[in-house]
file run.txt (compact mmCIF, C-alpha atoms)
# COMPACT_ATOMS: atom_id res chain seq x y z
CA MET A 787 4.55 69.95 7.65
CA THR A 788 5.02 69.17 11.35
CA GLU A 789 8.00 67.32 12.78
CA ASN A 790 5.72 64.37 13.62
CA HIS A 791 4.61 64.07 9.98
CA LYS A 792 8.23 64.31 8.83
CA PHE A 793 9.19 61.53 11.25
CA GLN A 794 6.34 59.31 9.99
CA LEU A 795 7.36 59.89 6.36
CA GLY A 796 10.98 59.12 7.26
CA THR A 797 9.92 55.86 8.95
CA ILE A 798 7.80 54.81 5.96
CA GLY A 799 10.71 55.63 3.64
CA ALA A 800 13.13 53.58 5.76
CA LEU A 801 10.75 50.59 5.80
CA SER A 802 10.22 50.77 2.03
CA LEU A 803 13.94 51.11 1.35
CA SER A 804 14.67 48.10 3.56
CA VAL A 805 12.08 45.90 1.81
CA VAL A 806 13.12 46.83 -1.75
CA SER A 807 16.86 46.52 -1.12
CA SER A 808 16.60 43.25 0.83
CA VAL A 809 14.40 41.53 -1.76
CA SER A 810 16.77 42.74 -4.50
CA ILE A 811 19.88 41.38 -2.78
CA VAL A 812 18.20 38.03 -2.08
CA ILE A 813 17.35 37.63 -5.79
CA CYS A 814 20.90 38.64 -6.74
CA ASN A 815 22.49 36.30 -4.19
CA LYS A 816 20.19 33.44 -5.19
CA ALA A 817 21.48 33.73 -8.76
CA LEU A 818 25.06 33.93 -7.47
CA ILE A 819 24.73 30.89 -5.19
CA SER A 820 22.23 28.62 -6.93
CA THR A 821 23.11 29.32 -10.58
CA LEU A 822 26.81 30.21 -10.48
CA GLY A 823 27.80 28.01 -7.53
CA PHE A 824 29.40 30.73 -5.36
CA THR A 825 28.40 29.31 -1.96
CA PHE A 826 30.74 31.33 0.27
CA ALA A 827 28.07 33.31 2.15
CA THR A 828 30.07 34.47 5.17
CA THR A 829 33.01 35.68 3.08
CA LEU A 830 30.58 37.47 0.75
CA THR A 831 29.04 39.21 3.77
CA SER A 832 32.46 40.48 4.85
CA TRP A 833 32.91 41.99 1.38
CA HIS A 834 29.46 43.58 1.71
CA LEU A 835 30.48 45.31 4.91
CA LEU A 836 33.85 46.39 3.51
CA VAL A 837 32.18 48.02 0.50
CA THR A 838 29.63 49.65 2.82
CA PHE A 839 32.41 51.15 4.92
CA CYS A 840 34.25 52.46 1.85
CA SER A 841 31.02 53.98 0.51
CA LEU A 842 30.33 55.71 3.83
CA HIS A 843 33.92 56.95 3.94
CA VAL A 844 33.43 58.59 0.55
CA ALA A 845 30.14 60.07 1.78
CA LEU A 846 31.97 61.46 4.83
CA TRP A 847 34.66 62.95 2.60
CA MET A 848 31.87 64.65 0.60
CA ASN A 849 30.41 66.03 3.86
CA LEU A 850 27.13 64.12 3.41
CA PHE A 851 27.12 63.28 7.12
CA GLU A 852 29.06 64.26 10.21
CA HIS A 853 31.51 61.91 11.93
CA LYS A 854 30.62 61.65 15.63
CA PRO A 855 33.05 59.54 17.69
CA PHE A 856 31.72 58.04 20.92
CA ASP A 857 32.48 55.15 23.29
CA ALA A 858 35.09 53.10 21.36
CA THR A 859 34.58 50.03 23.59
CA ALA A 860 30.84 50.00 22.90
CA VAL A 861 31.41 50.35 19.14
CA MET A 862 34.01 47.56 19.06
CA GLY A 863 31.86 45.18 21.15
CA PHE A 864 28.81 45.96 19.06
CA GLY A 865 30.64 45.43 15.75
CA ILE A 866 32.25 42.15 16.80
CA LEU A 867 28.93 40.87 18.23
CA ASN A 868 27.18 41.67 14.95
CA GLY A 869 29.84 39.77 13.00
CA ILE A 870 29.60 36.77 15.34
CA SER A 871 25.79 36.68 15.04
CA ILE A 872 26.00 36.56 11.22
CA GLY A 873 28.56 33.74 11.39
CA LEU A 874 26.40 31.78 13.86
CA LEU A 875 23.33 32.14 11.64
CA ASN A 876 25.30 30.71 8.72
CA LEU A 877 26.60 27.86 10.88
CA SER A 878 23.04 27.20 12.09
CA LEU A 879 21.89 26.75 8.50
CA GLY A 880 24.90 24.55 7.74
CA PHE A 881 24.37 22.15 10.66
CA ASN A 882 20.55 22.09 10.62
CA SER A 883 17.80 21.37 8.14
CA VAL A 884 16.25 24.34 6.32
CA GLY A 885 13.05 23.88 8.34
CA PHE A 886 14.87 24.07 11.67
CA TYR A 887 16.81 27.11 10.46
CA GLN A 888 13.52 28.85 9.64
CA MET A 889 12.30 28.03 13.17
CA THR A 890 15.50 29.61 14.47
CA LYS A 891 14.69 32.83 12.63
CA LEU A 892 11.10 32.73 13.93
CA ALA A 893 12.40 32.42 17.50
CA ILE A 894 14.15 35.80 17.26
CA ILE A 895 10.93 37.80 17.78
CA PRO A 896 9.75 36.13 21.03
CA CYS A 897 13.33 36.16 22.32
CA THR A 898 13.62 39.90 21.60
CA VAL A 899 10.28 40.56 23.31
CA LEU A 900 11.43 38.55 26.35
CA LEU A 901 14.79 40.38 26.61
CA GLU A 902 13.22 43.83 26.24
CA THR A 903 10.58 42.96 28.85
CA LEU A 904 13.12 41.62 31.37
CA PHE A 905 15.94 44.13 30.98
CA PHE A 906 14.27 47.27 29.62
CA ARG A 907 10.84 46.97 31.30
CA LYS A 908 9.19 47.44 27.91
CA LYS A 909 5.53 46.46 27.84
CA PHE A 910 3.85 44.73 24.89
CA SER A 911 0.05 44.78 24.93
CA ARG A 912 -1.96 41.57 24.51
CA ASN A 913 -3.11 42.76 21.09
CA ILE A 914 0.48 43.17 19.90
CA GLN A 915 1.43 39.77 21.36
CA LEU A 916 -1.55 38.18 19.55
CA SER A 917 -0.64 39.83 16.24
CA LEU A 918 2.97 38.61 16.57
CA ALA A 919 1.71 35.07 17.28
CA ILE A 920 -0.47 35.18 14.12
CA LEU A 921 2.50 36.48 12.11
CA LEU A 922 4.85 33.74 13.36
CA LEU A 923 2.19 31.07 12.72
CA GLY A 924 1.77 32.24 9.11
CA VAL A 925 5.50 32.41 8.37
CA GLY A 926 5.95 29.01 10.02
CA ILE A 927 3.27 27.44 7.81
CA ALA A 928 4.79 29.03 4.70
CA THR A 929 8.47 28.24 5.30
CA VAL A 930 8.97 25.41 7.83
CA THR A 931 9.02 22.04 6.09
CA ASP A 932 11.03 19.60 8.20
CA LEU A 933 12.39 19.74 11.74
CA GLN A 934 15.43 17.46 11.92
CA LEU A 935 17.13 18.01 15.29
CA ASN A 936 20.73 17.47 16.35
CA LEU A 937 22.61 18.61 19.45
CA LEU A 938 25.34 20.69 17.80
CA GLY A 939 22.87 22.36 15.43
CA SER A 940 20.51 23.18 18.29
CA ILE A 941 23.31 24.78 20.34
CA LEU A 942 24.44 26.86 17.35
CA SER A 943 20.85 27.97 16.72
CA LEU A 944 20.40 28.99 20.34
CA LEU A 945 23.60 31.05 20.28
CA ALA A 946 22.57 32.59 16.94
CA VAL A 947 19.20 33.67 18.32
CA ILE A 948 20.67 35.20 21.48
CA THR A 949 23.48 37.10 19.72
CA THR A 950 21.11 38.35 17.00
CA CYS A 951 18.59 39.62 19.55
CA VAL A 952 21.24 41.37 21.64
CA ALA A 953 22.90 42.93 18.58
CA GLN A 954 19.60 44.33 17.30
CA ILE A 955 18.61 45.68 20.72
CA MET A 956 22.05 47.31 20.96
CA THR A 957 21.51 48.90 17.53
CA ASN A 958 18.48 50.69 18.92
CA THR A 959 19.80 51.56 22.37
CA ILE A 960 23.22 52.84 21.21
CA GLN A 961 21.63 55.26 18.76
CA LYS A 962 19.39 56.66 21.48
CA LYS A 963 21.95 56.63 24.32
CA PHE A 964 24.77 58.34 22.42
CA LYS A 965 22.44 60.38 20.16
CA VAL A 966 24.08 59.14 16.96
CA SER A 967 22.39 58.59 13.63
CA SER A 968 22.14 55.21 11.88
CA THR A 969 24.79 56.37 9.40
CA GLN A 970 27.24 57.38 12.13
CA LEU A 971 26.81 54.07 13.99
CA LEU A 972 27.11 52.02 10.79
CA TYR A 973 30.26 53.90 9.72
CA GLN A 974 32.03 53.26 13.02
CA SER A 975 30.95 49.62 13.50
CA CYS A 976 31.43 48.41 9.90
CA PRO A 977 35.23 47.89 10.16
CA TYR A 978 34.87 45.62 13.21
CA GLN A 979 32.06 43.59 11.59
CA SER A 980 33.98 43.28 8.33
CA ILE A 981 37.28 42.27 9.96
CA THR A 982 35.54 39.67 12.16
CA LEU A 983 33.82 38.04 9.18
CA PHE A 984 36.86 38.44 6.89
CA ILE A 985 38.94 36.41 9.39
CA VAL A 986 36.41 33.67 10.19
CA GLY A 987 34.57 33.71 6.82
CA PRO A 988 36.90 31.52 4.72
CA PHE A 989 37.19 29.03 7.61
CA LEU A 990 33.40 28.81 8.14
CA ASP A 991 32.67 28.60 4.42
CA GLY A 992 35.30 25.87 4.01
CA LEU A 993 33.78 23.97 6.94
CA LEU A 994 30.28 24.19 5.47
CA THR A 995 31.05 23.66 1.76
CA ASN A 996 34.39 21.76 1.73
CA LEU A 997 35.56 24.32 -0.84
CA ASN A 998 38.21 27.04 -0.80
CA VAL A 999 36.96 30.54 -1.54
CA PHE A 1000 40.42 31.56 -2.84
CA ALA A 1001 40.55 28.59 -5.27
CA PHE A 1002 37.15 29.35 -6.80
CA LYS A 1003 37.09 30.18 -10.53
CA TYR A 1004 35.99 33.83 -10.74
CA THR A 1005 34.45 34.23 -14.19
CA PRO A 1006 33.32 37.68 -15.44
CA GLN A 1007 29.71 36.70 -14.73
CA VAL A 1008 30.53 35.72 -11.12
CA LEU A 1009 32.47 38.94 -10.61
CA PHE A 1010 29.55 40.97 -12.01
CA PHE A 1011 27.06 39.47 -9.54
CA ILE A 1012 29.52 39.83 -6.63
CA VAL A 1013 29.98 43.54 -7.40
CA LEU A 1014 26.21 44.00 -7.85
CA SER A 1015 25.54 42.22 -4.55
CA CYS A 1016 28.09 44.42 -2.74
CA LEU A 1017 26.57 47.60 -4.16
CA ILE A 1018 23.03 46.60 -3.13
CA SER A 1019 24.35 45.67 0.33
CA VAL A 1020 25.24 49.30 1.00
CA THR A 1021 21.54 50.16 0.89
CA VAL A 1022 20.61 47.01 2.83
CA ASN A 1023 23.00 47.77 5.69
CA PHE A 1024 22.05 51.43 5.83
CA SER A 1025 18.30 50.75 5.87
CA THR A 1026 18.69 48.05 8.56
CA PHE A 1027 20.26 50.48 11.01
CA LEU A 1028 17.80 53.18 9.95
CA VAL A 1029 14.72 51.01 10.56
CA ILE A 1030 15.88 49.73 13.96
CA GLY A 1031 16.82 53.26 15.03
CA LYS A 1032 13.48 54.76 14.00
CA THR A 1033 11.26 51.87 15.17
CA SER A 1034 12.37 48.89 17.29
CA PRO A 1035 14.15 45.51 16.96
CA VAL A 1036 10.76 43.72 17.04
CA THR A 1037 9.41 45.86 14.19
CA TYR A 1038 12.55 45.12 12.17
CA GLN A 1039 12.01 41.37 12.64
CA VAL A 1040 8.36 41.74 11.56
CA LEU A 1041 9.64 43.54 8.47
CA GLY A 1042 12.12 40.70 7.91
CA HIS A 1043 9.29 38.16 7.76
CA LEU A 1044 7.47 40.39 5.27
CA LYS A 1045 10.61 40.20 3.11
CA THR A 1046 10.56 36.39 3.43
CA CYS A 1047 6.97 36.29 2.12
CA LEU A 1048 7.86 38.64 -0.73
CA VAL A 1049 10.91 36.55 -1.65
CA LEU A 1050 8.74 33.42 -1.76
CA ALA A 1051 6.28 35.23 -4.03
CA PHE A 1052 9.05 36.60 -6.29
CA GLY A 1053 10.69 33.16 -6.42
CA TYR A 1054 7.43 31.68 -7.68
CA GLY A 1055 6.67 34.48 -10.13
CA LEU A 1056 10.14 35.16 -11.55
CA LEU A 1057 12.25 32.08 -10.85
CA HIS A 1058 9.42 29.51 -11.11
CA ASP A 1059 10.18 27.96 -7.72
CA GLN A 1060 7.83 25.28 -6.42
CA PHE A 1061 4.81 26.78 -4.67
CA SER A 1062 1.96 25.06 -2.83
CA TRP A 1063 -1.34 26.03 -1.26
CA ARG A 1064 0.41 25.72 2.10
CA ASN A 1065 2.81 28.50 1.08
CA ILE A 1066 -0.10 30.69 -0.06
CA MET A 1067 -2.10 30.10 3.13
CA GLY A 1068 0.94 30.79 5.32
CA ILE A 1069 1.74 34.04 3.51
CA LEU A 1070 -1.88 35.24 3.82
CA ILE A 1071 -1.93 34.49 7.57
CA ALA A 1072 1.42 36.25 7.98
CA VAL A 1073 0.12 39.33 6.15
CA VAL A 1074 -2.89 39.44 8.48
CA GLY A 1075 -0.51 39.33 11.45
CA MET A 1076 1.62 42.15 9.99
CA VAL A 1077 -1.44 44.35 9.39
CA LEU A 1078 -2.70 43.74 12.95
CA TYR A 1079 0.77 44.45 14.36
CA SER A 1080 1.00 47.75 12.47
CA TYR A 1081 -2.52 48.75 13.54
CA TYR A 1082 -2.06 47.97 17.25
CA CYS A 1083 1.37 49.66 17.30
CA THR A 1084 -0.27 52.81 15.92
CA VAL A 1085 -3.11 52.62 18.47
CA ASP A 1086 -0.69 52.10 21.39
CA SER A 1087 1.45 55.01 20.19
CA GLN A 1088 -1.55 57.34 20.01
CA GLN A 1089 -2.73 56.28 23.46
CA GLN A 1090 0.75 56.87 24.89
CA LYS A 1091 0.89 60.37 23.41
CA ALA A 1092 -2.60 61.14 24.73
CA SER A 1093 -1.67 60.02 28.25
CA GLU A 1094 1.54 62.08 28.16
CA SER A 1095 -0.30 65.23 27.07
CA SER A 1096 -3.02 64.75 29.70
CA ALA A 1097 -0.35 64.32 32.38
CA GLN A 1098 1.11 67.71 31.43
CA LEU A 1099 -2.16 69.66 31.74
CA PRO A 1100 -2.30 69.66 35.58
CA GLN A 1101 1.18 71.18 35.64
CA VAL A 1102 -0.10 74.15 33.66
CA LYS A 1103 -3.14 74.66 35.91
CA GLU A 1104 -1.02 74.64 39.06
CA SER A 1105 1.03 77.56 37.79
CA GLU A 1106 -1.85 79.79 36.58
CA SER A 1107 -1.32 82.25 39.43
CA ASP A 1108 2.03 83.42 38.14
CA PRO A 1109 2.24 84.68 34.52
CA LEU A 1110 6.01 84.19 34.38
CA ILE A 1111 5.70 80.59 35.47
CA ILE A 1112 2.93 80.09 32.94
CA ALA A 1113 5.22 81.30 30.16
CA ASP A 1114 8.12 79.12 31.29
CA LYS A 1115 5.99 76.03 31.70
CA GLY A 1116 4.26 76.62 28.39
CA SER A 1117 7.55 76.74 26.52
CA GLU A 1118 8.68 73.53 28.21
CA ILE A 1119 5.44 71.75 27.33
CA MET A 1120 5.69 72.86 23.72
CA SER A 1121 9.27 71.66 23.42
CA GLU A 1122 8.44 68.31 25.04
CA SER A 1123 5.33 67.66 22.96
CA ASP A 1124 7.08 68.38 19.67
CA PRO A 1125 10.21 66.21 19.74
CA LYS A 1126 12.75 66.32 17.01
CA ALA A 1127 13.07 63.27 14.84
CA PRO A 1128 15.95 61.07 15.92
CA ALA A 1129 18.95 61.33 13.96
CA TRP A 1130 19.38 48.35 8.62
CA ASN A 1131 22.99 42.83 11.00
CA LEU A 1132 23.09 42.65 7.53
CA LYS A 1133 21.27 39.46 8.42
CA ARG A 1134 21.52 36.55 6.13
CA ASP A 1135 18.51 36.04 3.87
CA LEU A 1136 20.47 34.08 1.27
CA ASP A 1137 18.46 30.95 1.89
CA ALA A 1138 15.11 32.59 1.36
call {"tool": "encode", "arguments": {"input": "run.txt", "output": "structure tokens"}}
result
Amino acid sequence: MTENHKFQLGTIGALSLSVVSSVSIVICNKALISTLGFTFATTLTSWHLLVTFCSLHVALWMNLFEHKPFDATAVMGFGILNGISIGLLNLSLGFNSVGFYQMTKLAIIPCTVLLETLFFRKKFSRNIQLSLAILLLGVGIATVTDLQLNLLGSILSLLAVITTCVAQIMTNTIQKKFKVSSTQLLYQSCPYQSITLFIVGPFLDGLLTNLNVFAFKYTPQVLFFIVLSCLISVTVNFSTFLVIGKTSPVTYQVLGHLKTCLVLAFGYGLLHDQFSWRNIMGILIAVVGMVLYSYYCTVDSQQQKASESSAQLPQVKESESDPLIIADKGSEIMSESDPKAPAWNLKRDLDA
């Protein structure tokens, strides 16, 4: 099996793990919030990250991965930014209607595309832009119900979109710049994310719910679902960093909308939530957009590889007169054409 095939299998595994774990935690959290009345989402997220860090620390102690320290300032800034983005998303939901909050989540993809185009000179073909537009249209039809606007809610939503986009772009660029794996980055940034949310969580949850998380009655059933949610979150966090590292922030957002469609379907099938033909039509349109996005990403990737290999051929022909140069160039071309595979903001889907 070639390295390219191994990388493709690893990417498919990361995508599958992210979908399964995210849908599972949404169902678990929906039971915790809707049925048991534990509405302290930001505080719960801080516990998720704390359990994730402890789990990774045990894995490090068992030598399951290697600790690789790098720029402490970058790690601290990245961790705090991730924590702030989660808090802002929760505030956005608290101060806006559900429909406007869903529009906020939809705005993350075009904002990410814009930022990567402006600051990283990344090009998105017209076919990919069209497939993303179809995807956003479908998810919008399926999830957006009302659009009640207010100034404070709009400002919070704008800040949530910007911080989320920057945090996800940083997840990808840090892994590539410092050559660290998703596990290594998650292990080092988790404490900063957890501390940020642990400090602001009770305040934000109290502001949004008018309840005190420390005065809540923790029955055995509530404790069971909290522990279960924290355990699932380890896989959710890990797969988030893994997917963004292996693909891109835009692909991760596309995957997030696939999770939204699956949660809607599971809610109808298992929890008997209300479902309309509008939901069905929106999900079908979104699936078409996802399929087109996957197809055009594959086509663009193949075309890029073909252009890179054709650009290397003239270099070989120029050096045909010297056998030693041919050997050196050949080894370089082989090493460049067979790259090694590179070494999941817990984002809030509780409302899905």
call {"tool": "residues_around", "arguments": {"input": "run.txt", "residues": "Lys1032 of chain A", "least_positions_apart": "2", "cutoff": "8 Å", "atoms": "all atoms listed in the file", "output": "list in words"}}
result
Thr797, Leu1028, Val1029, Ile1030, Ser1034 and Pro1128 of chain A
call {"tool": "residues_around", "arguments": {"input": "run.txt", "residues": "segment 859-863 of chain A", "least_positions_apart": "2", "cutoff": "12 Å", "atoms": "all atoms listed in the file", "output": "count of residues only"}}
result
34
call {"tool": "closest_residue", "arguments": {"input": "run.txt", "among": "A:Ile927, A:Cys951, A:Ile813, A:Leu1078", "to": "Arg1064 of chain A", "atoms": "only C-alpha atoms"}}
result
A:Ile927
call {"tool": "atom_distance", "arguments": {"input": "run.txt", "atom1": "atom CA of Ile894 of chain A", "atom2": "atom CA of Ala858 of chain A"}}
result
27.5 Å
call {"tool": "atom_distance", "arguments": {"input": "run.txt", "atom1": "atom CA of Leu1048 of chain A", "atom2": "atom CA of Ser802 of chain A"}}
result
12.7 Å
call {"tool": "atom_distance", "arguments": {"input": "run.txt", "atom1": "atom CA of Phe1011 of chain A", "atom2": "atom CA of Leu877 of chain A"}}
result
23.5 Å
call {"tool": "residues_around", "arguments": {"input": "run.txt", "residues": "Ser1019 of chain A", "least_positions_apart": "4", "cutoff": "7 Å", "atoms": "all atoms listed in the file", "output": "list of chain:residue names"}}
result
A:Ile811, A:His834, A:Ser1015, A:Asn1023
call {"tool": "residues_around", "arguments": {"input": "run.txt", "residues": "Asn882 of chain A", "least_positions_apart": "2", "cutoff": "8 Å", "atoms": "only C-alpha atoms", "output": "ChimeraX atom specification"}}
result
/A:878-880,884,886-887,934-936,939-940
call {"tool": "closest_residue", "arguments": {"input": "run.txt", "among": "A:Ser967, A:Cys1083, A:Lys962, A:Leu993", "to": "Glu852 of chain A", "atoms": "only C-alpha atoms"}}
result
A:Ser967
call {"tool": "closest_residue", "arguments": {"input": "run.txt", "among": "A:Gly924, A:Gly796, A:Gly987, A:Gly873", "to": "Met1076 of chain A", "atoms": "all atoms listed in the file"}}
result
A:Gly924
call {"tool": "closest_residue", "arguments": {"input": "run.txt", "among": "A:Ser883, A:Thr1021, A:Cys1016, A:Thr1033", "to": "Thr1084 of chain A", "atoms": "only C-alpha atoms"}}
result
A:Thr1033
call {"tool": "closest_residue", "arguments": {"input": "run.txt", "among": "A:Thr1046, A:Ser968, A:Gln1090, A:Ser1062", "to": "Leu842 of chain A", "atoms": "only C-alpha atoms"}}
result
A:Ser968
